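Engineer: What follows is start.cif; its format and atoms are mmCIF, C-alpha atoms and all ligand atoms.
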data_coords
#
loop_
_atom_site.group_PDB
_atom_site.id
_atom_site.type_symbol
_atom_site.label_atom_id
_atom_site.label_comp_id
_atom_site.auth_asym_id
_atom_site.auth_seq_id
_atom_site.Cartn_x
_atom_site.Cartn_y
_atom_site.Cartn_z
ATOM 1 C CA MET A 17 0.000 0.000 0.000
ATOM 2 C CA ALA A 18 2.028 2.896 -1.209
ATOM 3 C CA HIS A 19 -0.275 5.869 -0.800
ATOM 4 C CA VAL A 20 -1.730 6.537 2.647
ATOM 5 C CA LEU A 21 -3.183 9.695 4.195
ATOM 6 C CA GLY A 22 -1.042 10.593 7.200
ATOM 7 C CA ILE A 23 -2.544 12.745 9.967
ATOM 8 C CA ASP A 24 -0.305 14.027 12.765
ATOM 9 C CA ILE A 25 -2.272 15.121 15.827
ATOM 10 C CA GLY A 26 -0.292 17.473 18.060
ATOM 11 C CA GLY A 27 -1.055 19.592 21.093
ATOM 12 C CA THR A 28 -0.979 22.733 18.928
ATOM 13 C CA GLY A 29 -1.805 21.723 15.361
ATOM 14 C CA ILE A 30 -3.218 18.815 13.358
ATOM 15 C CA LYS A 31 -1.335 18.273 10.082
ATOM 16 C CA ALA A 32 -2.227 16.017 7.192
ATOM 17 C CA ALA A 33 -1.053 15.013 3.743
ATOM 18 C CA PRO A 34 -1.118 11.917 1.588
ATOM 19 C CA ALA A 35 2.263 10.188 1.667
ATOM 20 C CA ASP A 36 4.091 7.743 -0.548
ATOM 21 C CA THR A 37 5.282 5.228 2.029
ATOM 22 C CA THR A 38 7.824 3.552 -0.234
ATOM 23 C CA ARG A 39 9.638 6.837 -0.963
ATOM 24 C CA GLY A 40 8.948 8.591 2.346
ATOM 25 C CA GLU A 41 7.536 11.667 0.653
ATOM 26 C CA LEU A 42 4.372 13.734 0.781
ATOM 27 C CA ILE A 43 2.516 13.612 -2.507
ATOM 28 C CA ALA A 44 0.334 16.687 -1.966
ATOM 29 C CA GLU A 45 0.671 19.915 -0.033
ATOM 30 C CA ARG A 46 0.316 19.552 3.715
ATOM 31 C CA GLN A 47 -2.738 21.037 5.430
ATOM 32 C CA LYS A 48 -2.772 22.245 9.007
ATOM 33 C CA ILE A 49 -5.687 23.017 11.324
ATOM 34 C CA ASP A 50 -5.209 24.363 14.867
ATOM 35 C CA THR A 51 -5.897 21.751 17.532
ATOM 36 C CA PRO A 52 -9.348 22.606 18.965
ATOM 37 C CA GLN A 53 -9.436 23.718 22.595
ATOM 38 C CA PRO A 54 -10.495 21.851 24.608
ATOM 39 C CA ALA A 55 -9.079 18.986 22.513
ATOM 40 C CA THR A 56 -11.823 16.496 23.359
ATOM 41 C CA PRO A 57 -12.316 13.239 21.428
ATOM 42 C CA ASN A 58 -15.324 14.706 19.576
ATOM 43 C CA ALA A 59 -13.605 17.975 18.651
ATOM 44 C CA VAL A 60 -10.411 16.286 17.431
ATOM 45 C CA THR A 61 -12.351 13.596 15.549
ATOM 46 C CA GLU A 62 -14.250 16.337 13.701
ATOM 47 C CA VAL A 63 -10.951 17.837 12.530
ATOM 48 C CA VAL A 64 -9.745 14.404 11.368
ATOM 49 C CA GLN A 65 -12.999 13.943 9.467
ATOM 50 C CA LYS A 66 -12.609 17.374 7.852
ATOM 51 C CA LEU A 67 -9.034 16.660 6.743
ATOM 52 C CA VAL A 68 -10.084 13.329 5.202
ATOM 53 C CA ALA A 69 -12.888 15.149 3.353
ATOM 54 C CA ASP A 70 -10.587 18.007 2.231
ATOM 55 C CA PHE A 71 -8.301 15.487 0.519
ATOM 56 C CA SER A 72 -11.357 13.520 -0.775
ATOM 57 C CA TRP A 73 -9.500 10.521 0.657
ATOM 58 C CA THR A 74 -10.939 7.032 0.203
ATOM 59 C CA GLY A 75 -7.957 4.827 1.167
ATOM 60 C CA SER A 76 -6.212 3.969 4.418
ATOM 61 C CA VAL A 77 -5.470 6.598 7.032
ATOM 62 C CA GLY A 78 -2.515 6.527 9.465
ATOM 63 C CA ILE A 79 -2.959 8.784 12.490
ATOM 64 C CA THR A 80 -0.580 9.823 15.270
ATOM 65 C CA PHE A 81 -1.642 10.684 18.804
ATOM 66 C CA PRO A 82 0.440 12.638 21.346
ATOM 67 C CA GLY A 83 0.106 10.043 24.107
ATOM 68 C CA VAL A 84 0.529 6.338 24.833
ATOM 69 C CA VAL A 85 -1.502 4.197 22.394
ATOM 70 C CA VAL A 86 -1.870 0.471 23.033
ATOM 71 C CA GLY A 87 -3.950 -1.573 20.582
ATOM 72 C CA GLY A 88 -5.683 1.613 19.419
ATOM 73 C CA ILE A 89 -6.735 2.623 22.940
ATOM 74 C CA ILE A 90 -5.440 5.920 24.339
ATOM 75 C CA GLN A 91 -3.702 5.482 27.700
ATOM 76 C CA THR A 92 -2.361 9.002 28.369
ATOM 77 C CA ALA A 93 -3.050 12.503 27.023
ATOM 78 C CA ALA A 94 -0.680 14.986 28.674
ATOM 79 C CA ASN A 95 -1.293 17.764 26.122
ATOM 80 C CA LEU A 96 -4.859 17.021 24.949
ATOM 81 C CA ASP A 97 -8.108 16.818 26.917
ATOM 82 C CA HIS A 98 -7.879 14.074 29.536
ATOM 83 C CA SER A 99 -11.232 12.633 28.456
ATOM 84 C CA TRP A 100 -9.181 10.882 25.731
ATOM 85 C CA ILE A 101 -7.870 8.414 28.309
ATOM 86 C CA GLY A 102 -9.546 5.044 27.737
ATOM 87 C CA THR A 103 -10.968 6.117 24.360
ATOM 88 C CA ASP A 104 -10.769 3.597 21.526
ATOM 89 C CA ALA A 105 -9.211 5.963 18.977
ATOM 90 C CA VAL A 106 -9.223 3.456 16.121
ATOM 91 C CA LYS A 107 -12.950 2.916 16.631
ATOM 92 C CA ALA A 108 -13.713 6.643 16.911
ATOM 93 C CA PHE A 109 -11.693 7.672 13.830
ATOM 94 C CA SER A 110 -12.834 4.775 11.656
ATOM 95 C CA ALA A 111 -16.487 5.366 12.590
ATOM 96 C CA ALA A 112 -16.152 9.050 11.664
ATOM 97 C CA THR A 113 -14.206 8.569 8.428
ATOM 98 C CA LYS A 114 -15.638 5.181 7.363
ATOM 99 C CA LEU A 115 -12.086 4.272 6.349
ATOM 100 C CA PRO A 116 -9.468 1.805 7.630
ATOM 101 C CA VAL A 117 -7.472 3.631 10.287
ATOM 102 C CA SER A 118 -4.439 2.934 12.443
ATOM 103 C CA VAL A 119 -3.226 5.017 15.396
ATOM 104 C CA ILE A 120 0.252 5.199 16.927
ATOM 105 C CA ASN A 121 2.180 7.554 19.220
ATOM 106 C CA ASP A 122 3.386 10.714 17.446
ATOM 107 C CA ALA A 123 7.072 10.431 18.375
ATOM 108 C CA ASP A 124 7.111 6.743 17.430
ATOM 109 C CA ALA A 125 5.725 7.736 14.011
ATOM 110 C CA ALA A 126 8.381 10.423 13.546
ATOM 111 C CA GLY A 127 11.035 7.911 14.575
ATOM 112 C CA ILE A 128 9.827 5.284 12.100
ATOM 113 C CA ALA A 129 10.092 7.825 9.275
ATOM 114 C CA GLU A 130 13.519 9.172 10.340
ATOM 115 C CA MET A 131 14.909 5.634 10.656
ATOM 116 C CA ALA A 132 13.669 4.704 7.191
ATOM 117 C CA PHE A 133 14.324 7.883 5.230
ATOM 118 C CA GLY A 134 16.028 10.461 7.435
ATOM 119 C CA ALA A 135 18.766 10.977 10.002
ATOM 120 C CA GLY A 136 18.608 7.402 11.324
ATOM 121 C CA HIS A 137 18.712 5.671 7.964
ATOM 122 C CA GLY A 138 20.804 2.508 8.210
ATOM 123 C CA VAL A 139 21.960 3.216 11.786
ATOM 124 C CA ARG A 140 22.279 0.131 14.023
ATOM 125 C CA GLY A 141 22.735 0.077 17.784
ATOM 126 C CA THR A 142 20.644 2.216 20.152
ATOM 127 C CA VAL A 143 19.049 5.259 18.534
ATOM 128 C CA LEU A 144 16.954 7.728 20.510
ATOM 129 C CA LEU A 145 14.750 10.250 18.717
ATOM 130 C CA LEU A 146 13.388 13.079 20.850
ATOM 131 C CA THR A 147 10.813 15.562 19.556
ATOM 132 C CA LEU A 148 10.928 18.908 21.339
ATOM 133 C CA GLY A 149 7.560 20.556 20.679
ATOM 134 C CA THR A 150 4.448 21.184 22.787
ATOM 135 C CA GLY A 151 5.731 18.282 24.902
ATOM 136 C CA ILE A 152 8.756 16.019 24.578
ATOM 137 C CA GLY A 153 8.165 12.798 22.662
ATOM 138 C CA SER A 154 10.561 9.870 22.434
ATOM 139 C CA ALA A 155 11.148 6.943 20.104
ATOM 140 C CA LEU A 156 13.734 4.300 20.971
ATOM 141 C CA PHE A 157 15.210 1.926 18.379
ATOM 142 C CA ILE A 158 17.455 -1.051 19.008
ATOM 143 C CA ASP A 159 19.118 -2.197 15.765
ATOM 144 C CA GLY A 160 16.282 -0.570 13.844
ATOM 145 C CA THR A 161 13.455 -2.097 15.918
ATOM 146 C CA LEU A 162 11.121 0.311 17.727
ATOM 147 C CA VAL A 163 10.427 -0.058 21.448
ATOM 148 C CA PRO A 164 6.990 1.636 21.389
ATOM 149 C CA ASN A 165 5.487 4.179 23.814
ATOM 150 C CA THR A 166 8.690 5.036 25.698
ATOM 151 C CA GLU A 167 7.513 8.436 27.128
ATOM 152 C CA PHE A 168 10.941 9.799 28.089
ATOM 153 C CA GLY A 169 9.522 13.317 28.106
ATOM 154 C CA HIS A 170 8.113 12.550 31.518
ATOM 155 C CA ILE A 171 11.272 11.642 33.432
ATOM 156 C CA GLN A 172 11.774 13.936 36.418
ATOM 157 C CA ILE A 173 14.446 16.630 36.290
ATOM 158 C CA ARG A 174 14.803 18.926 39.314
ATOM 159 C CA GLY A 175 11.450 17.596 40.549
ATOM 160 C CA LYS A 176 9.566 18.436 37.339
ATOM 161 C CA ASP A 177 8.479 16.606 34.204
ATOM 162 C CA ALA A 178 11.347 17.016 31.699
ATOM 163 C CA GLU A 179 8.938 18.353 29.075
ATOM 164 C CA LYS A 180 7.867 21.177 31.394
ATOM 165 C CA ARG A 181 11.499 22.379 31.440
ATOM 166 C CA ALA A 182 13.010 21.500 28.060
ATOM 167 C CA SER A 183 10.255 21.414 25.400
ATOM 168 C CA GLU A 184 9.978 24.116 22.732
ATOM 169 C CA HIS A 185 6.765 25.163 24.485
ATOM 170 C CA ALA A 186 8.687 25.660 27.774
ATOM 171 C CA ARG A 187 11.241 27.866 25.935
ATOM 172 C CA GLU A 188 8.444 30.076 24.603
ATOM 173 C CA GLU A 189 6.368 30.076 27.775
ATOM 174 C CA HIS A 190 9.265 31.111 30.018
ATOM 175 C CA ASP A 191 10.761 33.380 27.345
ATOM 176 C CA LEU A 192 14.118 31.617 27.695
ATOM 177 C CA SER A 193 17.166 32.686 25.673
ATOM 178 C CA TRP A 194 18.571 30.016 23.356
ATOM 179 C CA GLY A 195 21.529 29.684 25.717
ATOM 180 C CA ALA A 196 19.351 29.191 28.806
ATOM 181 C CA TRP A 197 17.114 26.725 27.043
ATOM 182 C CA ALA A 198 20.072 24.803 25.562
ATOM 183 C CA GLY A 199 21.362 24.410 29.136
ATOM 184 C CA ARG A 200 18.100 22.727 30.094
ATOM 185 C CA VAL A 201 18.164 20.495 27.001
ATOM 186 C CA ASP A 202 21.776 19.592 27.797
ATOM 187 C CA GLU A 203 20.883 18.560 31.335
ATOM 188 C CA TYR A 204 17.979 16.487 30.032
ATOM 189 C CA LEU A 205 20.090 14.766 27.375
ATOM 190 C CA ALA A 206 22.787 13.974 29.944
ATOM 191 C CA HIS A 207 20.100 12.155 31.974
ATOM 192 C CA MET A 208 18.942 10.252 28.923
ATOM 193 C CA GLU A 209 22.507 9.312 28.060
ATOM 194 C CA ALA A 210 23.117 8.070 31.605
ATOM 195 C CA LEU A 211 19.998 5.881 31.374
ATOM 196 C CA LEU A 212 20.305 4.497 27.839
ATOM 197 C CA SER A 213 23.825 5.075 26.433
ATOM 198 C CA PRO A 214 22.465 5.682 22.937
ATOM 199 C CA ASP A 215 24.844 5.655 19.956
ATOM 200 C CA LEU A 216 22.845 8.344 18.183
ATOM 201 C CA ILE A 217 20.367 10.984 19.395
ATOM 202 C CA ILE A 218 18.111 12.607 16.783
ATOM 203 C CA ILE A 219 16.372 15.860 17.704
ATOM 204 C CA GLY A 220 13.035 16.167 15.905
ATOM 205 C CA GLY A 221 9.917 18.314 16.038
ATOM 206 C CA GLY A 222 9.523 21.840 14.668
ATOM 207 C CA ILE A 223 12.647 22.875 16.580
ATOM 208 C CA SER A 224 14.841 20.729 14.306
ATOM 209 C CA LYS A 225 14.649 23.605 11.769
ATOM 210 C CA LYS A 226 16.479 25.838 14.242
ATOM 211 C CA SER A 227 19.085 23.316 15.345
ATOM 212 C CA ASP A 228 21.952 25.781 14.637
ATOM 213 C CA LYS A 229 20.635 27.862 17.579
ATOM 214 C CA PHE A 230 21.104 25.161 20.180
ATOM 215 C CA LEU A 231 22.957 22.055 18.959
ATOM 216 C CA PRO A 232 26.359 23.830 18.993
ATOM 217 C CA ARG A 233 25.687 24.859 22.616
ATOM 218 C CA LEU A 234 25.256 21.282 23.845
ATOM 219 C CA THR A 235 28.290 19.922 25.651
ATOM 220 C CA GLY A 236 29.709 16.733 26.996
ATOM 221 C CA LEU A 237 27.558 14.068 25.334
ATOM 222 C CA ARG A 238 29.252 10.903 24.213
ATOM 223 C CA ALA A 239 26.482 10.076 21.752
ATOM 224 C CA LYS A 240 26.448 11.629 18.320
ATOM 225 C CA ILE A 241 23.617 14.166 18.158
ATOM 226 C CA VAL A 242 21.992 15.326 14.925
ATOM 227 C CA PRO A 243 18.829 17.168 13.853
ATOM 228 C CA ALA A 244 16.034 15.209 12.203
ATOM 229 C CA THR A 245 16.116 15.696 8.444
ATOM 230 C CA MET A 246 12.418 15.243 7.631
ATOM 231 C CA LEU A 247 11.408 18.168 9.863
ATOM 232 C CA ASN A 248 7.668 18.519 10.194
ATOM 233 C CA ASP A 249 6.866 15.791 7.670
ATOM 234 C CA ALA A 250 8.224 12.910 9.754
ATOM 235 C CA GLY A 251 5.045 12.438 11.818
ATOM 236 C CA ILE A 252 2.814 12.357 8.748
ATOM 237 C CA VAL A 253 5.066 9.971 6.808
ATOM 238 C CA GLY A 254 5.588 7.727 9.853
ATOM 239 C CA ALA A 255 1.850 7.612 10.553
ATOM 240 C CA ALA A 256 1.289 6.521 6.971
ATOM 241 C CA MET A 257 4.086 3.930 7.175
ATOM 242 C CA ALA A 258 2.643 2.430 10.355
ATOM 243 C CA VAL A 259 -0.561 1.385 8.572
ATOM 244 C CA GLY A 260 -0.638 -2.357 8.259
ATOM 245 C CA ARG A 261 2.489 -2.783 10.431
ATOM 246 C CA GLY A 262 0.854 -2.960 13.805
ATOM 247 C CA GLY A 263 -1.877 -1.361 15.811
ATOM 248 C CA ARG A 264 -5.351 -2.554 15.083
ATOM 249 C CA PRO A 265 -7.044 -2.244 11.711
ATOM 250 C CA GLY A 266 -10.258 -0.243 11.773
HETATM 251 C C1 LIG B 1 3.240 12.652 25.525
HETATM 252 C C2 LIG B 1 3.913 11.764 24.495
HETATM 253 C C3 LIG B 1 4.100 12.507 23.194
HETATM 254 C C4 LIG B 1 4.830 13.811 23.432
HETATM 255 C C5 LIG B 1 4.966 14.648 22.176
HETATM 256 C C6 LIG B 1 4.067 13.911 25.675
HETATM 257 O O1 LIG B 1 3.466 14.758 26.610
HETATM 258 O O2 LIG B 1 3.136 12.009 26.768
HETATM 259 O O3 LIG B 1 3.136 10.605 24.267
HETATM 260 O O4 LIG B 1 4.809 11.713 22.287
HETATM 261 O O5 LIG B 1 4.168 14.583 24.415
HETATM 262 O O6 LIG B 1 3.729 14.995 21.656
#
Show the structure stored in the file as structure tokens.
Ligand code: BGC
Structural biologist:
Amino acid sequence: MAHVLGIDIGGTGIKAAPADTTRGELIAERQKIDTPQPATPNAVTEVVQKLVADFSWTGSVGITFPGVVVGGIIQTAANLDHSWIGTDAVKAFSAATKLPVSVINDADAAGIAEMAFGAGHGVRGTVLLLTLGTGIGSALFIDGTLVPNTEFGHIQIRGKDAEKRASEHAREEHDLSWGAWAGRVDEYLAHMEALLSPDLIIIGGGISKKSDKFLPRLTGLRAKIVPATMLNDAGIVGAAMAVGRGGRPG
């Protein structure tokens, strides 16, 4: 199945485009709709339905969710409305779109795409992708195999969730200079390195476009650290790639 509509649900925006999963490319211009507030299951499902209609899509749909997803059921929703917890997302989205749907964690999707077509292509060993956006998402790969739903954005640093200190959202919210924020990211990455000893760390999310502002300021990591190369498209492409590979068909 080469062409799949990918939909990347984030805490701030919901992005969609059809993707060619064998080439790792979008095949039409991406559309973005602001995440409704409150981001309840009904409100978000309406946006998904609208995006499917806007592309007049009739094939499979791969969807990301910014929380733990096990067998299509949402387990956590740190940056969306908490009424998502326990919701059968595959059931909700397939009922609304009348199409076959799969749902996986957003960072896992971005990781799948970066490992296949981006900064992690062909890399063996332990690879950790971290998305620094509204929250911090993580995707862990061992010799190319994903360990799903790792949630390393929620380890505690100085008594707080790491994502509350080192996400892109935290930088904006606290009006931190690049230097101050890079210090927080550095401290976070040092923790991750102490826990996992990754060979490669890939920094993804919207912030990967501005990697020159903070990557040179990071110090003392043994692991190689690089920006993601697929930027904002990784979630969409990875969502599309995940269709038929796992999760639960709609
Ligand atoms: C969620 C993760 C998600 C990340 C990025 C975190 O708050 O717990 O599941 O991957 O945000 O959206």
Engineer: Could you pull the residues within 7 Å of segment 48-56 of chain A, counting only C-alpha atoms, minus those fewer than 3 positions along the same chain, as a PyMOL selection string?
Structural biologist: chain A and resi 27-32+59-60+96-97+99-100
Engineer: Report as a ChimeraX atom specification the full result of the PyMOL selection byres (((not hetatm)) within 9 of (chain B and resi 1)) when it is applied to this structure.
Structural biologist: /A:25-27,81-85,92-96,121-124,146-155,165-170,179,221
Engineer: Would you write out, as a ChimeraX atom specification, every residue that the PyMOL selection byres (((chain A and resi 19) around 12) and not hetatm) captures in this file?
Structural biologist: /A:17-18,20-22,33-44,73-78,252-253,255-257,259
Engineer: Selected by the PyMOL selection byres (((chain A and resi 162) around 12) and not hetatm) in the shown coordinates: which residues, as an MDAnalysis selection string?
Structural biologist: chainID A and resid 120:121 123:132 140:145 154:161 163:166 258 261:262
Engineer: Restricting the calculation to only C-alpha atoms, which member of A:Asn58, A:Gln65, A:Ser118, A:Gly134 is positioned closest to Thr103 of chain A?
Structural biologist: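 For Thr103 of chain A, the nearest of the given residues is A:Asn58.
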Engineer: Please compute the atom CA of Ile79 of chain A-atom CA of Leu216 of chain A distance, one decimal, in Å.
Structural biologist: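 Computed distance, atom CA of Ile79 of chain A to atom CA of Leu216 of chain A, equals 26.4 Å.
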Engineer: Work out how far apart atom CA of Ala178 of chain A and atom CA of Gly220 of chain A are and give it in Å to one decimal.
Structural biologist: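 Straight-line distance from atom CA of Ala178 of chain A to atom CA of Gly220 of chain A works out to 15.9 Å.
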Engineer: Within 8 Å of segment 234-238 of chain A, counting all atoms listed in the file, which residues qualify if same-chain residues fewer than 5 places away don't, as a ChimeraX atom specification?
Structural biologist: /A:198-199,201-202,205-206,209
Engineer: Please, what distance in Å, to one decimal, runs between atom CA of Met246 of chain A and atom CA of Ile217 of chain A?
Structural biologist: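 Taking atom CA of Met246 of chain A as the start and atom CA of Ile217 of chain A as the end point, the length is 14.8 Å.
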Engineer: Between A:Glu62, A:His98, A:Lys180, A:Val139, which has the minimum distance to Ser110 of chain A (counting all atoms listed in the file)?
Structural biologist: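 Nearest candidate to Ser110 of chain A out of A:Glu62, A:His98, A:Lys180, A:Val139: A:Glu62.
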Engineer: Measuring between all atoms listed in the file, which one of A:Glu188, A:Ala135, A:Thr80, A:Ser72 shows the shortest distance to Leu247 of chain A?
Structural biologist: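 Among the listed residues, the smallest separation from Leu247 of chain A belongs to A:Ala135.
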Engineer: Could you add N, CA and C atoms to segment 32-59 of chain A and give me the result as a compact mmCIF listing (two decimals), in the frame of the given file?
Structural biologist:
# COMPACT_ATOMS: atom_id res chain seq x y z
N ALA A 32 -1.90 17.19 8.01
CA ALA A 32 -2.23 16.02 7.19
C ALA A 32 -1.73 16.18 5.77
N ALA A 33 -1.38 15.06 5.17
CA ALA A 33 -1.05 15.01 3.74
C ALA A 33 -1.02 13.55 3.33
N PRO A 34 -1.34 13.28 2.07
CA PRO A 34 -1.12 11.92 1.59
C PRO A 34 0.38 11.69 1.42
N ALA A 35 0.83 10.48 1.76
CA ALA A 35 2.26 10.19 1.67
C ALA A 35 2.49 8.94 0.83
N ASP A 36 3.63 8.94 0.14
CA ASP A 36 4.09 7.74 -0.55
C ASP A 36 5.01 7.03 0.43
N THR A 37 4.55 5.88 0.94
CA THR A 37 5.28 5.23 2.03
C THR A 37 6.52 4.47 1.53
N THR A 38 6.62 4.24 0.24
CA THR A 38 7.82 3.55 -0.23
C THR A 38 8.96 4.55 -0.49
N ARG A 39 8.60 5.82 -0.73
CA ARG A 39 9.64 6.84 -0.96
C ARG A 39 9.80 7.77 0.24
N GLY A 40 8.86 7.72 1.18
CA GLY A 40 8.95 8.59 2.35
C GLY A 40 8.71 10.04 2.01
N GLU A 41 7.78 10.28 1.08
CA GLU A 41 7.54 11.67 0.65
C GLU A 41 6.05 12.00 0.68
N LEU A 42 5.76 13.28 0.91
CA LEU A 42 4.37 13.73 0.78
C LEU A 42 4.08 13.87 -0.70
N ILE A 43 2.84 13.52 -1.08
CA ILE A 43 2.52 13.61 -2.51
C ILE A 43 1.51 14.73 -2.78
N ALA A 44 1.18 15.49 -1.77
CA ALA A 44 0.33 16.69 -1.97
C ALA A 44 0.70 17.66 -0.86
N GLU A 45 0.31 18.91 -1.03
CA GLU A 45 0.67 19.92 -0.03
C GLU A 45 0.00 19.61 1.31
N ARG A 46 0.77 19.83 2.36
CA ARG A 46 0.32 19.55 3.72
C ARG A 46 -0.76 20.56 4.13
N GLN A 47 -1.75 20.10 4.88
CA GLN A 47 -2.74 21.04 5.43
C GLN A 47 -2.62 21.03 6.94
N LYS A 48 -2.88 22.18 7.55
CA LYS A 48 -2.77 22.24 9.01
C LYS A 48 -3.98 22.97 9.59
N ILE A 49 -4.56 22.39 10.62
CA ILE A 49 -5.69 23.02 11.32
C ILE A 49 -5.28 23.10 12.80
N ASP A 50 -5.56 24.24 13.45
CA ASP A 50 -5.21 24.36 14.87
C ASP A 50 -5.94 23.29 15.67
N THR A 51 -5.26 22.73 16.65
CA THR A 51 -5.90 21.75 17.53
C THR A 51 -7.02 22.45 18.30
N PRO A 52 -8.26 21.93 18.25
CA PRO A 52 -9.35 22.61 18.96
C PRO A 52 -9.10 22.61 20.47
N GLN A 53 -9.57 23.64 21.13
CA GLN A 53 -9.44 23.72 22.60
C GLN A 53 -10.82 23.84 23.21
N PRO A 54 -11.24 23.01 24.14
CA PRO A 54 -10.50 21.85 24.61
C PRO A 54 -10.42 20.76 23.53
N ALA A 55 -9.31 20.01 23.54
CA ALA A 55 -9.08 18.99 22.51
C ALA A 55 -9.72 17.67 22.94
N THR A 56 -11.06 17.68 22.95
CA THR A 56 -11.82 16.50 23.36
C THR A 56 -11.85 15.48 22.22
N PRO A 57 -12.21 14.23 22.50
CA PRO A 57 -12.32 13.24 21.43
C PRO A 57 -13.25 13.71 20.30
N ASN A 58 -14.39 14.28 20.63
CA ASN A 58 -15.32 14.71 19.58
C ASN A 58 -14.74 15.81 18.72
N ALA A 59 -14.14 16.82 19.38
CA ALA A 59 -13.60 17.98 18.65
C ALA A 59 -12.46 17.55 17.74
